[in-house]
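The file my_file_12.cif contains mmCIF, C-alpha atoms and all ligand atoms:
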data_target
#
loop_
_atom_site.group_PDB
_atom_site.id
_atom_site.type_symbol
_atom_site.label_atom_id
_atom_site.label_comp_id
_atom_site.auth_asym_id
_atom_site.auth_seq_id
_atom_site.Cartn_x
_atom_site.Cartn_y
_atom_site.Cartn_z
ATOM 1 C CA MET A 1 40.381 -25.472 -23.250
ATOM 2 C CA LEU A 2 40.255 -28.045 -20.478
ATOM 3 C CA GLN A 3 37.653 -26.270 -18.335
ATOM 4 C CA GLY A 4 36.196 -28.558 -15.704
ATOM 5 C CA LYS A 5 38.830 -31.290 -16.070
ATOM 6 C CA VAL A 6 40.837 -32.448 -13.059
ATOM 7 C CA ALA A 7 44.557 -33.197 -13.399
ATOM 8 C CA ILE A 8 47.152 -34.758 -11.131
ATOM 9 C CA VAL A 9 50.739 -33.770 -11.925
ATOM 10 C CA THR A 10 53.242 -35.733 -9.846
ATOM 11 C CA GLY A 11 56.489 -33.965 -8.991
ATOM 12 C CA SER A 12 55.022 -30.554 -9.789
ATOM 13 C CA THR A 13 56.790 -28.467 -7.152
ATOM 14 C CA SER A 14 59.689 -27.901 -9.544
ATOM 15 C CA GLY A 15 60.949 -28.063 -13.141
ATOM 16 C CA ILE A 16 58.937 -29.766 -15.877
ATOM 17 C CA GLY A 17 56.052 -30.775 -13.577
ATOM 18 C CA HIS A 18 55.665 -27.203 -12.377
ATOM 19 C CA GLY A 19 55.572 -26.003 -15.992
ATOM 20 C CA ILE A 20 52.923 -28.580 -16.953
ATOM 21 C CA ALA A 21 50.764 -27.802 -13.891
ATOM 22 C CA ALA A 22 50.869 -24.067 -14.696
ATOM 23 C CA VAL A 23 49.820 -24.580 -18.323
ATOM 24 C CA LEU A 24 47.030 -27.019 -17.353
ATOM 25 C CA ALA A 25 45.732 -24.418 -14.859
ATOM 26 C CA ALA A 26 45.931 -21.757 -17.585
ATOM 27 C CA GLN A 27 43.732 -24.045 -19.724
ATOM 28 C CA GLY A 28 41.094 -24.061 -16.991
ATOM 29 C CA CYS A 29 41.964 -27.377 -15.373
ATOM 30 C CA ASP A 30 41.701 -27.961 -11.634
ATOM 31 C CA VAL A 31 45.079 -29.309 -10.529
ATOM 32 C CA MET A 32 46.448 -31.507 -7.760
ATOM 33 C CA LEU A 33 50.082 -30.568 -7.163
ATOM 34 C CA ASN A 34 52.556 -33.024 -5.651
ATOM 35 C CA GLY A 35 56.239 -33.115 -4.793
ATOM 36 C CA PHE A 36 58.754 -32.181 -2.157
ATOM 37 C CA GLY A 37 59.977 -28.749 -1.089
ATOM 38 C CA ASP A 38 59.628 -25.928 1.383
ATOM 39 C CA PRO A 39 55.974 -25.966 2.595
ATOM 40 C CA SER A 40 55.570 -22.182 2.488
ATOM 41 C CA ALA A 41 57.001 -21.952 -1.042
ATOM 42 C CA ILE A 42 54.657 -24.758 -2.171
ATOM 43 C CA GLU A 43 51.664 -23.033 -0.561
ATOM 44 C CA SER A 44 52.442 -19.747 -2.311
ATOM 45 C CA GLN A 45 52.872 -21.609 -5.634
ATOM 46 C CA ARG A 46 49.486 -23.332 -5.057
ATOM 47 C CA ALA A 47 47.687 -20.135 -4.095
ATOM 48 C CA SER A 48 49.140 -18.077 -6.948
ATOM 49 C CA LEU A 49 48.167 -20.674 -9.607
ATOM 50 C CA ALA A 50 44.619 -20.797 -8.231
ATOM 51 C CA ARG A 51 44.336 -16.992 -8.106
ATOM 52 C CA GLN A 52 45.926 -16.348 -11.502
ATOM 53 C CA HIS A 53 43.760 -18.824 -13.414
ATOM 54 C CA SER A 54 40.583 -18.958 -11.271
ATOM 55 C CA VAL A 55 40.833 -22.746 -10.879
ATOM 56 C CA ARG A 56 40.989 -25.018 -7.851
ATOM 57 C CA VAL A 57 44.534 -26.069 -6.981
ATOM 58 C CA ALA A 58 45.255 -28.567 -4.201
ATOM 59 C CA TYR A 59 48.503 -30.089 -2.964
ATOM 60 C CA SER A 60 49.450 -33.559 -1.739
ATOM 61 C CA ALA A 61 52.826 -34.368 -0.169
ATOM 62 C CA ALA A 62 52.509 -38.037 -1.244
ATOM 63 C CA ASP A 63 55.882 -39.763 -1.478
ATOM 64 C CA MET A 64 55.820 -41.419 -4.894
ATOM 65 C CA THR A 65 58.032 -44.271 -3.668
ATOM 66 C CA LYS A 66 55.123 -45.415 -1.457
ATOM 67 C CA PRO A 67 52.132 -47.205 -3.060
ATOM 68 C CA GLY A 68 49.908 -46.332 -0.073
ATOM 69 C CA ASP A 69 50.723 -42.622 -0.463
ATOM 70 C CA ILE A 70 49.934 -42.847 -4.189
ATOM 71 C CA ARG A 71 46.516 -44.412 -3.493
ATOM 72 C CA GLN A 72 45.865 -41.584 -1.028
ATOM 73 C CA LEU A 73 46.917 -38.988 -3.621
ATOM 74 C CA ALA A 74 44.304 -40.377 -6.040
ATOM 75 C CA ALA A 75 41.623 -40.596 -3.344
ATOM 76 C CA ALA A 76 42.325 -37.041 -2.134
ATOM 77 C CA THR A 77 42.140 -35.709 -5.706
ATOM 78 C CA ALA A 78 38.789 -37.382 -6.333
ATOM 79 C CA ALA A 79 37.424 -36.208 -2.964
ATOM 80 C CA GLN A 80 38.693 -32.605 -3.148
ATOM 81 C CA LEU A 81 38.437 -31.890 -6.883
ATOM 82 C CA GLY A 82 35.671 -34.270 -8.002
ATOM 83 C CA GLY A 83 37.435 -36.913 -10.115
ATOM 84 C CA ILE A 84 40.629 -37.634 -12.051
ATOM 85 C CA ASP A 85 40.615 -36.885 -15.789
ATOM 86 C CA ILE A 86 44.291 -36.296 -16.522
ATOM 87 C CA LEU A 87 47.272 -37.989 -14.881
ATOM 88 C CA VAL A 88 50.762 -36.721 -15.611
ATOM 89 C CA ASN A 89 53.371 -39.109 -14.224
ATOM 90 C CA ASN A 90 56.293 -36.728 -13.974
ATOM 91 C CA ALA A 91 58.074 -37.177 -10.610
ATOM 92 C CA GLY A 92 61.597 -38.368 -11.220
ATOM 93 C CA ILE A 93 65.076 -38.620 -9.763
ATOM 94 C CA GLN A 94 68.480 -39.446 -11.189
ATOM 95 C CA HIS A 95 71.568 -41.243 -9.923
ATOM 96 C CA VAL A 96 74.816 -41.390 -11.875
ATOM 97 C CA ALA A 97 77.307 -44.251 -11.321
ATOM 98 C CA LYS A 98 78.697 -47.271 -13.161
ATOM 99 C CA VAL A 99 76.791 -50.534 -12.602
ATOM 100 C CA ALA A 100 79.620 -52.028 -10.526
ATOM 101 C CA ASP A 101 79.492 -49.016 -8.172
ATOM 102 C CA PHE A 102 75.715 -48.393 -8.279
ATOM 103 C CA SER A 103 74.225 -48.316 -4.771
ATOM 104 C CA GLU A 104 71.385 -50.842 -4.351
ATOM 105 C CA GLU A 105 69.409 -48.318 -2.333
ATOM 106 C CA ARG A 106 69.669 -45.732 -5.196
ATOM 107 C CA TRP A 107 68.663 -48.393 -7.756
ATOM 108 C CA ASP A 108 65.496 -49.180 -5.763
ATOM 109 C CA ALA A 109 64.692 -45.468 -5.278
ATOM 110 C CA VAL A 110 65.097 -44.544 -8.972
ATOM 111 C CA ILE A 111 62.968 -47.523 -10.106
ATOM 112 C CA ALA A 112 60.326 -46.701 -7.468
ATOM 113 C CA VAL A 113 59.910 -43.003 -8.374
ATOM 114 C CA ASN A 114 60.504 -43.145 -12.132
ATOM 115 C CA LEU A 115 58.686 -46.405 -12.957
ATOM 116 C CA SER A 116 56.665 -48.131 -10.218
ATOM 117 C CA ALA A 117 54.979 -44.861 -9.181
ATOM 118 C CA ALA A 118 53.497 -44.506 -12.681
ATOM 119 C CA PHE A 119 52.018 -48.009 -12.440
ATOM 120 C CA HIS A 120 50.508 -47.375 -8.990
ATOM 121 C CA ALA A 121 49.149 -43.959 -10.026
ATOM 122 C CA ALA A 122 47.630 -45.278 -13.273
ATOM 123 C CA LYS A 123 46.087 -48.206 -11.379
ATOM 124 C CA ALA A 124 44.459 -45.774 -8.924
ATOM 125 C CA ALA A 125 43.383 -43.215 -11.556
ATOM 126 C CA LEU A 126 42.025 -45.508 -14.288
ATOM 127 C CA PRO A 127 38.742 -46.465 -12.549
ATOM 128 C CA HIS A 128 37.860 -42.730 -12.391
ATOM 129 C CA MET A 129 38.635 -42.269 -16.110
ATOM 130 C CA ILE A 130 36.781 -45.442 -17.129
ATOM 131 C CA ALA A 131 33.711 -44.313 -15.152
ATOM 132 C CA LYS A 132 33.619 -41.047 -17.144
ATOM 133 C CA GLY A 133 34.607 -42.578 -20.495
ATOM 134 C CA TRP A 134 37.384 -40.000 -20.877
ATOM 135 C CA GLY A 135 40.967 -39.836 -19.672
ATOM 136 C CA ARG A 136 44.505 -38.824 -20.524
ATOM 137 C CA ILE A 137 47.617 -40.416 -19.042
ATOM 138 C CA ILE A 138 50.872 -38.703 -19.934
ATOM 139 C CA ASN A 139 54.096 -40.331 -18.812
ATOM 140 C CA ILE A 140 57.151 -38.104 -18.740
ATOM 141 C CA ALA A 141 59.793 -40.544 -19.939
ATOM 142 C CA SER A 142 63.019 -39.272 -21.540
ATOM 143 C CA ALA A 143 65.335 -39.647 -24.507
ATOM 144 C CA HIS A 144 66.690 -42.258 -22.078
ATOM 145 C CA GLY A 145 63.417 -44.160 -22.579
ATOM 146 C CA LEU A 146 64.527 -44.785 -26.173
ATOM 147 C CA VAL A 147 68.329 -44.896 -26.075
ATOM 148 C CA ALA A 148 70.903 -45.397 -23.315
ATOM 149 C CA SER A 149 73.870 -43.582 -21.831
ATOM 150 C CA GLY A 150 76.514 -45.046 -19.543
ATOM 151 C CA GLU A 151 76.338 -44.531 -15.753
ATOM 152 C CA LYS A 152 72.528 -44.230 -15.705
ATOM 153 C CA ALA A 153 71.470 -47.896 -15.344
ATOM 154 C CA ALA A 154 68.458 -47.350 -13.080
ATOM 155 C CA TYR A 155 67.205 -44.240 -14.910
ATOM 156 C CA VAL A 156 67.536 -45.777 -18.400
ATOM 157 C CA THR A 157 65.890 -49.002 -17.199
ATOM 158 C CA ALA A 158 63.029 -47.113 -15.540
ATOM 159 C CA LYS A 159 62.408 -44.854 -18.558
ATOM 160 C CA HIS A 160 62.482 -47.769 -21.048
ATOM 161 C CA GLY A 161 60.040 -49.541 -18.704
ATOM 162 C CA LEU A 162 57.828 -46.451 -18.605
ATOM 163 C CA VAL A 163 57.620 -46.435 -22.411
ATOM 164 C CA GLY A 164 56.570 -50.112 -22.232
ATOM 165 C CA LEU A 165 53.954 -49.405 -19.546
ATOM 166 C CA THR A 166 52.608 -46.588 -21.758
ATOM 167 C CA LYS A 167 51.995 -49.058 -24.586
ATOM 168 C CA VAL A 168 50.257 -51.606 -22.342
ATOM 169 C CA ILE A 169 47.897 -48.993 -20.848
ATOM 170 C CA ALA A 170 47.191 -47.663 -24.363
ATOM 171 C CA ILE A 171 46.167 -51.121 -25.583
ATOM 172 C CA GLU A 172 44.057 -51.892 -22.521
ATOM 173 C CA THR A 173 42.152 -48.577 -22.666
ATOM 174 C CA ALA A 174 41.924 -48.219 -26.460
ATOM 175 C CA ASN A 175 38.121 -48.237 -26.602
ATOM 176 C CA GLN A 176 37.334 -46.421 -23.368
ATOM 177 C CA GLY A 177 37.913 -42.805 -24.399
ATOM 178 C CA ILE A 178 41.321 -42.890 -22.732
ATOM 179 C CA THR A 179 44.744 -42.314 -24.261
ATOM 180 C CA CYS A 180 48.153 -42.971 -22.772
ATOM 181 C CA ASN A 181 51.301 -41.501 -24.278
ATOM 182 C CA ALA A 182 54.891 -40.889 -23.260
ATOM 183 C CA ILE A 183 56.822 -37.656 -23.757
ATOM 184 C CA CYS A 184 60.551 -38.182 -24.200
ATOM 185 C CA PRO A 185 62.454 -34.937 -23.551
ATOM 186 C CA GLY A 186 66.123 -34.340 -24.214
ATOM 187 C CA TRP A 187 67.973 -31.943 -21.911
ATOM 188 C CA VAL A 188 65.839 -29.485 -19.933
ATOM 189 C CA LEU A 189 67.685 -27.093 -17.614
ATOM 190 C CA THR A 190 65.924 -28.023 -14.351
ATOM 191 C CA ASP A 191 67.338 -28.779 -10.880
ATOM 192 C CA LEU A 192 67.732 -32.439 -11.912
ATOM 193 C CA VAL A 193 70.084 -31.452 -14.746
ATOM 194 C CA LYS A 194 71.782 -28.530 -12.954
ATOM 195 C CA ARG A 195 72.972 -31.056 -10.334
ATOM 196 C CA GLN A 196 74.484 -33.197 -13.121
ATOM 197 C CA ILE A 197 76.224 -30.159 -14.636
ATOM 198 C CA GLU A 198 77.644 -29.196 -11.223
ATOM 199 C CA ALA A 199 78.892 -32.774 -10.638
ATOM 200 C CA ARG A 200 80.472 -32.844 -14.089
ATOM 201 C CA ALA A 201 82.166 -29.468 -13.592
ATOM 202 C CA ALA A 202 83.540 -30.613 -10.209
ATOM 203 C CA ALA A 203 84.722 -34.019 -11.510
ATOM 204 C CA GLN A 204 86.517 -32.501 -14.521
ATOM 205 C CA GLY A 205 87.711 -29.315 -12.803
ATOM 206 C CA ILE A 206 86.017 -27.133 -15.449
ATOM 207 C CA PRO A 207 83.735 -24.076 -15.087
ATOM 208 C CA TYR A 208 79.945 -24.636 -14.804
ATOM 209 C CA GLU A 209 79.385 -22.870 -18.164
ATOM 210 C CA GLN A 210 81.732 -25.260 -19.963
ATOM 211 C CA ALA A 211 80.082 -28.335 -18.408
ATOM 212 C CA HIS A 212 76.681 -26.835 -19.356
ATOM 213 C CA ASP A 213 77.727 -26.536 -23.033
ATOM 214 C CA ASP A 214 79.536 -29.915 -23.087
ATOM 215 C CA LEU A 215 76.388 -31.701 -21.915
ATOM 216 C CA LEU A 216 74.470 -30.405 -24.931
ATOM 217 C CA ARG A 217 77.266 -31.000 -27.446
ATOM 218 C CA GLU A 218 77.633 -34.615 -26.344
ATOM 219 C CA LYS A 219 74.012 -35.611 -27.091
ATOM 220 C CA GLN A 220 71.905 -32.979 -28.863
ATOM 221 C CA PRO A 221 72.491 -31.752 -32.422
ATOM 222 C CA MET A 222 70.346 -28.737 -31.490
ATOM 223 C CA LEU A 223 72.544 -26.922 -28.994
ATOM 224 C CA GLN A 224 69.786 -25.572 -26.786
ATOM 225 C CA TYR A 225 67.832 -26.862 -23.833
ATOM 226 C CA THR A 226 64.132 -27.700 -24.156
ATOM 227 C CA THR A 227 61.980 -25.748 -21.662
ATOM 228 C CA PRO A 228 59.229 -26.960 -19.304
ATOM 229 C CA GLU A 229 56.816 -24.687 -21.232
ATOM 230 C CA LYS A 230 57.520 -26.509 -24.518
ATOM 231 C CA ILE A 231 56.956 -29.885 -22.878
ATOM 232 C CA ALA A 232 53.749 -28.512 -21.325
ATOM 233 C CA GLY A 233 52.634 -27.438 -24.822
ATOM 234 C CA LEU A 234 52.974 -31.034 -26.025
ATOM 235 C CA ALA A 235 51.094 -32.299 -22.955
ATOM 236 C CA ILE A 236 48.221 -29.885 -23.691
ATOM 237 C CA PHE A 237 48.122 -31.078 -27.296
ATOM 238 C CA LEU A 238 47.832 -34.688 -26.033
ATOM 239 C CA CYS A 239 44.848 -33.652 -23.882
ATOM 240 C CA GLY A 240 43.031 -32.095 -26.841
ATOM 241 C CA GLU A 241 40.588 -33.453 -29.398
ATOM 242 C CA ALA A 242 43.197 -33.482 -32.203
ATOM 243 C CA ALA A 243 45.159 -36.124 -30.261
ATOM 244 C CA SER A 244 42.171 -38.299 -29.359
ATOM 245 C CA THR A 245 43.311 -41.171 -31.616
ATOM 246 C CA MET A 246 46.969 -40.875 -30.630
ATOM 247 C CA THR A 247 47.798 -43.509 -28.042
ATOM 248 C CA GLY A 248 50.764 -45.652 -27.058
ATOM 249 C CA ALA A 249 53.214 -43.206 -28.644
ATOM 250 C CA ALA A 250 56.606 -42.186 -27.329
ATOM 251 C CA LEU A 251 57.047 -38.594 -28.503
ATOM 252 C CA SER A 252 60.537 -37.123 -28.684
ATOM 253 C CA ILE A 253 61.132 -33.464 -27.882
ATOM 254 C CA ASP A 254 64.884 -33.703 -27.739
ATOM 255 C CA GLY A 255 66.660 -31.354 -30.162
ATOM 256 C CA GLY A 256 67.528 -34.312 -32.412
ATOM 257 C CA TRP A 257 69.142 -36.474 -29.710
ATOM 258 C CA THR A 258 67.441 -39.729 -30.785
ATOM 259 C CA ALA A 259 67.497 -38.912 -34.505
ATOM 260 C CA GLN A 260 71.156 -39.921 -34.578
HETATM 261 P P1 LIG B 1 63.173 -31.656 -10.928
HETATM 262 O O1 LIG B 1 64.206 -32.218 -10.008
HETATM 263 O O2 LIG B 1 63.182 -30.185 -11.226
HETATM 264 O O3 LIG B 1 61.696 -32.054 -10.424
HETATM 265 C C1 LIG B 1 61.413 -33.336 -9.926
HETATM 266 C C2 LIG B 1 60.108 -33.282 -9.169
HETATM 267 O O4 LIG B 1 59.833 -34.605 -8.649
HETATM 268 C C3 LIG B 1 60.157 -32.335 -7.951
HETATM 269 O O5 LIG B 1 58.907 -31.708 -7.790
HETATM 270 C C4 LIG B 1 60.419 -33.306 -6.789
HETATM 271 O O6 LIG B 1 59.962 -32.815 -5.533
HETATM 272 C C5 LIG B 1 59.589 -34.487 -7.246
HETATM 273 N N1 LIG B 1 59.939 -35.738 -6.568
HETATM 274 C C6 LIG B 1 61.140 -36.354 -6.494
HETATM 275 N N2 LIG B 1 61.037 -37.470 -5.743
HETATM 276 C C7 LIG B 1 59.743 -37.562 -5.355
HETATM 277 C C8 LIG B 1 59.010 -38.494 -4.566
HETATM 278 N N3 LIG B 1 59.588 -39.568 -4.008
HETATM 279 N N4 LIG B 1 57.697 -38.258 -4.357
HETATM 280 C C9 LIG B 1 57.079 -37.160 -4.890
HETATM 281 N N5 LIG B 1 57.727 -36.247 -5.643
HETATM 282 C C10 LIG B 1 59.045 -36.461 -5.866
HETATM 283 O O7 LIG B 1 63.334 -32.519 -12.268
HETATM 284 P P2 LIG B 1 62.763 -32.337 -13.754
HETATM 285 O O8 LIG B 1 63.920 -32.208 -14.657
HETATM 286 O O9 LIG B 1 61.679 -31.348 -13.811
HETATM 287 O O10 LIG B 1 62.179 -33.813 -13.989
HETATM 288 C C11 LIG B 1 60.819 -34.099 -14.157
HETATM 289 C C12 LIG B 1 60.687 -35.361 -14.997
HETATM 290 O O11 LIG B 1 61.206 -35.135 -16.288
HETATM 291 C C13 LIG B 1 61.450 -36.556 -14.432
HETATM 292 O O12 LIG B 1 60.680 -37.726 -14.581
HETATM 293 C C14 LIG B 1 62.679 -36.612 -15.313
HETATM 294 O O13 LIG B 1 63.209 -37.893 -15.395
HETATM 295 C C15 LIG B 1 62.099 -36.166 -16.635
HETATM 296 N N6 LIG B 1 63.088 -35.671 -17.590
HETATM 297 C C16 LIG B 1 63.873 -34.601 -17.299
HETATM 298 C C17 LIG B 1 64.793 -34.186 -18.236
HETATM 299 C C18 LIG B 1 65.699 -33.009 -17.999
HETATM 300 O O14 LIG B 1 66.603 -32.799 -18.806
HETATM 301 N N7 LIG B 1 65.513 -32.243 -16.957
HETATM 302 C C19 LIG B 1 64.912 -34.860 -19.457
HETATM 303 C C20 LIG B 1 64.094 -35.936 -19.717
HETATM 304 C C21 LIG B 1 63.175 -36.335 -18.773
#
Would you mind giving the structure from this file in structure tokens?
Ligand code: NAD
Amino acid sequence: MLQGKVAIVTGSTSGIGHGIAAVLAAQGCDVMLNGFGDPSAIESQRASLARQHSVRVAYSAADMTKPGDIRQLAAATAAQLGGIDILVNNAGIQHVAKVADFSEERWDAVIAVNLSAAFHAAKAALPHMIAKGWGRIINIASAHGLVASGEKAAYVTAKHGLVGLTKVIAIETANQGITCNAICPGWVLTDLVKRQIEARAAAQGIPYEQAHDDLLREKQPMLQYTTPEKIAGLAIFLCGEAASTMTGAALSIDGGWTAQ
């Protein structure tokens, strides 16, 4: 159980982040939610997590492309929930195009959300963890943090960078009761991936279901999507005592994608 711990989960209004926030709350953690979306839907998500698990749940609309917003997210968490014990750097976006056609604005945005945000958030959270002599930083990287695919230059670069940042933080905090690890999922059927399936179906003139199956067949020996709940299970393990000497690792949960 993580009773009394305080967690920030960036990008937790949807998909994997939402799944991790829900499981942390179920473990007794107070949680700071973050991400974009319809304000009334976010408020009902916040209130229902708090009610269901009898924990404090707050929300920050911080834009993870903005270092000032990220500092405010950390400050608001410490002020409202009493510290920062767990940081899950999860917010992420994708853009698919060949390098020669890749928009510079999209490159900057993908690097900002998927990589720089994790640096700014860790920088802001670490003093709180060091003060308590306990902390967990979990970076949601990707199979694309370990291997590449075409047409995803910014995403692959950001996720490889995130795995590198994970190792540096692990080394720097090795004797301060803090661990930092990366989780590297394969395909998870969230909005981020549904948009890629829709684009693929449209580009190839094939039904959504066929594009959905093709995506798996192309990369994953195990022909099923990982779920946010399974990734949350790994995150909870990393927060527990059994994982207290595990740090700097990049853990695949990818149906065999990177075993090939
Ligand atoms: P998603 O689109 O369902 O959720 C992304 C979340 O990030 C949302 O809450 C969104 O509001 C938030 N977000 C986006 N830009 C933001 C910004 N500027 N500031 C604050 N919040 C922002 O996607 P997902 O699939 O759940 O992805 C979550 C993470 O998992 C990402 O880092 C992604 O790269 C990674 N991942 C996903 C898959 C997959 O197959 N879905 C695989 C490997 C890794």
Item to check | Pick from A:Gln220, A:Ser44, A:Thr65, A:Thr245 nearest to ligand LIG 1 (chain B), counting all atoms listed in the file | outcome: A:Thr65
Next on the checklist: Using the chain letters and numbers from this file, what does the PyMOL selection byres (((not hetatm)) within 6 of (chain B and resi 1)) select? Give the answer as an MDAnalysis selection string.
Outcome noted: chainID A and resid 11:17 35:36 62:65 90:93 113:114 140:142 185:193
Taking C-alpha atoms for each residue, export the selection above as an mmCIF file, in the frame of the given file.
data_model
loop_
_atom_site.group_PDB
_atom_site.id
_atom_site.type_symbol
_atom_site.label_atom_id
_atom_site.label_comp_id
_atom_site.auth_asym_id
_atom_site.auth_seq_id
_atom_site.Cartn_x
_atom_site.Cartn_y
_atom_site.Cartn_z
ATOM 1 C CA GLY A 11 56.489 -33.965 -8.991
ATOM 2 C CA SER A 12 55.022 -30.554 -9.789
ATOM 3 C CA THR A 13 56.790 -28.467 -7.152
ATOM 4 C CA SER A 14 59.689 -27.901 -9.544
ATOM 5 C CA GLY A 15 60.949 -28.063 -13.141
ATOM 6 C CA ILE A 16 58.937 -29.766 -15.877
ATOM 7 C CA GLY A 17 56.052 -30.775 -13.577
ATOM 8 C CA GLY A 35 56.239 -33.115 -4.793
ATOM 9 C CA PHE A 36 58.754 -32.181 -2.157
ATOM 10 C CA ALA A 62 52.509 -38.037 -1.244
ATOM 11 C CA ASP A 63 55.882 -39.763 -1.478
ATOM 12 C CA MET A 64 55.820 -41.419 -4.894
ATOM 13 C CA THR A 65 58.032 -44.271 -3.668
ATOM 14 C CA ASN A 90 56.293 -36.728 -13.974
ATOM 15 C CA ALA A 91 58.074 -37.177 -10.610
ATOM 16 C CA GLY A 92 61.597 -38.368 -11.220
ATOM 17 C CA ILE A 93 65.076 -38.620 -9.763
ATOM 18 C CA VAL A 113 59.910 -43.003 -8.374
ATOM 19 C CA ASN A 114 60.504 -43.145 -12.132
ATOM 20 C CA ILE A 140 57.151 -38.104 -18.740
ATOM 21 C CA ALA A 141 59.793 -40.544 -19.939
ATOM 22 C CA SER A 142 63.019 -39.272 -21.540
ATOM 23 C CA PRO A 185 62.454 -34.937 -23.551
ATOM 24 C CA GLY A 186 66.123 -34.340 -24.214
ATOM 25 C CA TRP A 187 67.973 -31.943 -21.911
ATOM 26 C CA VAL A 188 65.839 -29.485 -19.933
ATOM 27 C CA LEU A 189 67.685 -27.093 -17.614
ATOM 28 C CA THR A 190 65.924 -28.023 -14.351
ATOM 29 C CA ASP A 191 67.338 -28.779 -10.880
ATOM 30 C CA LEU A 192 67.732 -32.439 -11.912
ATOM 31 C CA VAL A 193 70.084 -31.452 -14.746
#
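The space separating atom CA of A:Met32 from atom CA of A:Ala78 comes to 9.8 Å.
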Checklist entry - Given the choices A:Ala7, A:Ala74, A:Met129, A:Ala153, which gets closest to A:Ile111 if the distance is worked out from all atoms listed in the file? => result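 Nearest candidate to A:Ile111 out of A:Ala7, A:Ala74, A:Met129, A:Ala153: A:Ala153.
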Next on the checklist: Here's the selection I'm unsure about, the PyMOL selection byres (((chain A and resi 126) around 9) and not hetatm); applied to the file above, which residues does it give, as number ranges by chain?
Outcome noted: A: 84-85, 121-125, 127-131, 135, 137, 173, 178
Checklist entry - Can you list, as number ranges by chain, the residues that the PyMOL selection byres (((chain A and resi 81) around 12) and not hetatm) selects here? => result A: 4-8, 29-33, 55-59, 73-80, 82-85
Item to check | Minimum-distance residue to A:Ile231, chosen among A:Leu146, A:Leu2, A:Leu216, A:Ala21 (using all atoms listed in the file) | outcome: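 The shortest atom-to-atom distance to A:Ile231 comes from A:Ala21.
The space separating atom CA of A:Ala235 from atom CA of A:Ala22 comes to 11.7 Å.
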Please identify all polymer residues within 9 Å of A:Ala26, counting all atoms listed in the file, omitting same-chain residues fewer than 6 positions from it, and present them as a PDB file with C-alpha atoms, keeping the file's coordinate frame.
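Writing done, so here's result28.pdb:
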ATOM      1  CA  MET A   1      40.381 -25.472 -23.250  1.00  0.00           C
ATOM      2  CA  LEU A   2      40.255 -28.045 -20.478  1.00  0.00           C
ATOM      3  CA  LEU A  49      48.167 -20.674  -9.607  1.00  0.00           C
ATOM      4  CA  GLN A  52      45.926 -16.348 -11.502  1.00  0.00           C
ATOM      5  CA  HIS A  53      43.760 -18.824 -13.414  1.00  0.00           C
ATOM      6  CA  SER A  54      40.583 -18.958 -11.271  1.00  0.00           C
ATOM      7  CA  VAL A  55      40.833 -22.746 -10.879  1.00  0.00           C
TER       8      VAL A  55
END
Enumerate, in order of chain and increasing residue number, the residues of stretch 211-249 of chain A with an atom no farther than 10 Å from stretch 157-167 of chain A, each with its shortest atom pair and distance in Å to one decimal, counting all atoms listed in the file, as CSV.
residue,atom,partner,partner_atom,distance
A:Thr247,CA,A:Lys167,CA,7.8
A:Gly248,CA,A:Lys167,CA,4.4
A:Ala249,CA,A:Lys167,CA,7.2
List the neighbours of A:Val99 out to 12 Å using only C-alpha atoms; skip same-chain residues closer than 3 positions along the sequence, and give me the result as an mmCIF file with C-alpha atoms, keeping the file's coordinate frame.
data_model
loop_
_atom_site.group_PDB
_atom_site.id
_atom_site.type_symbol
_atom_site.label_atom_id
_atom_site.label_comp_id
_atom_site.auth_asym_id
_atom_site.auth_seq_id
_atom_site.Cartn_x
_atom_site.Cartn_y
_atom_site.Cartn_z
ATOM 1 C CA HIS A 95 71.568 -41.243 -9.923
ATOM 2 C CA VAL A 96 74.816 -41.390 -11.875
ATOM 3 C CA PHE A 102 75.715 -48.393 -8.279
ATOM 4 C CA SER A 103 74.225 -48.316 -4.771
ATOM 5 C CA GLU A 104 71.385 -50.842 -4.351
ATOM 6 C CA ARG A 106 69.669 -45.732 -5.196
ATOM 7 C CA TRP A 107 68.663 -48.393 -7.756
ATOM 8 C CA SER A 149 73.870 -43.582 -21.831
ATOM 9 C CA GLY A 150 76.514 -45.046 -19.543
ATOM 10 C CA GLU A 151 76.338 -44.531 -15.753
ATOM 11 C CA LYS A 152 72.528 -44.230 -15.705
ATOM 12 C CA ALA A 153 71.470 -47.896 -15.344
ATOM 13 C CA ALA A 154 68.458 -47.350 -13.080
ATOM 14 C CA TYR A 155 67.205 -44.240 -14.910
ATOM 15 C CA VAL A 156 67.536 -45.777 -18.400
ATOM 16 C CA THR A 157 65.890 -49.002 -17.199
#
May I have the centre and edge lengths, in Å to one decimal, of an axis-aligned box around the listed atoms of stretch 38-50 of chain A with 6 Å added to every side, as JSON?
{"center_x": 52.1, "center_y": -22.0, "center_z": -3.5, "size_x": 27.0, "size_y": 19.9, "size_z": 24.2}
Checklist entry - What separation in Å, quoted to one decimal, exists between atom CA of A:Asn139 and atom CA of A:Ile20? => result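 Separating atom CA of A:Asn139 from atom CA of A:Ile20 is a distance of 12.0 Å.
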Checklist entry - Which is closer to A:Ala118 than all the others in A:Ser48, A:Gln176, A:Ser252, A:Asn89, using all atoms listed in the file? => result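 Once distances to A:Ala118 are computed over all atoms listed in the file, the minimum belongs to A:Asn89.
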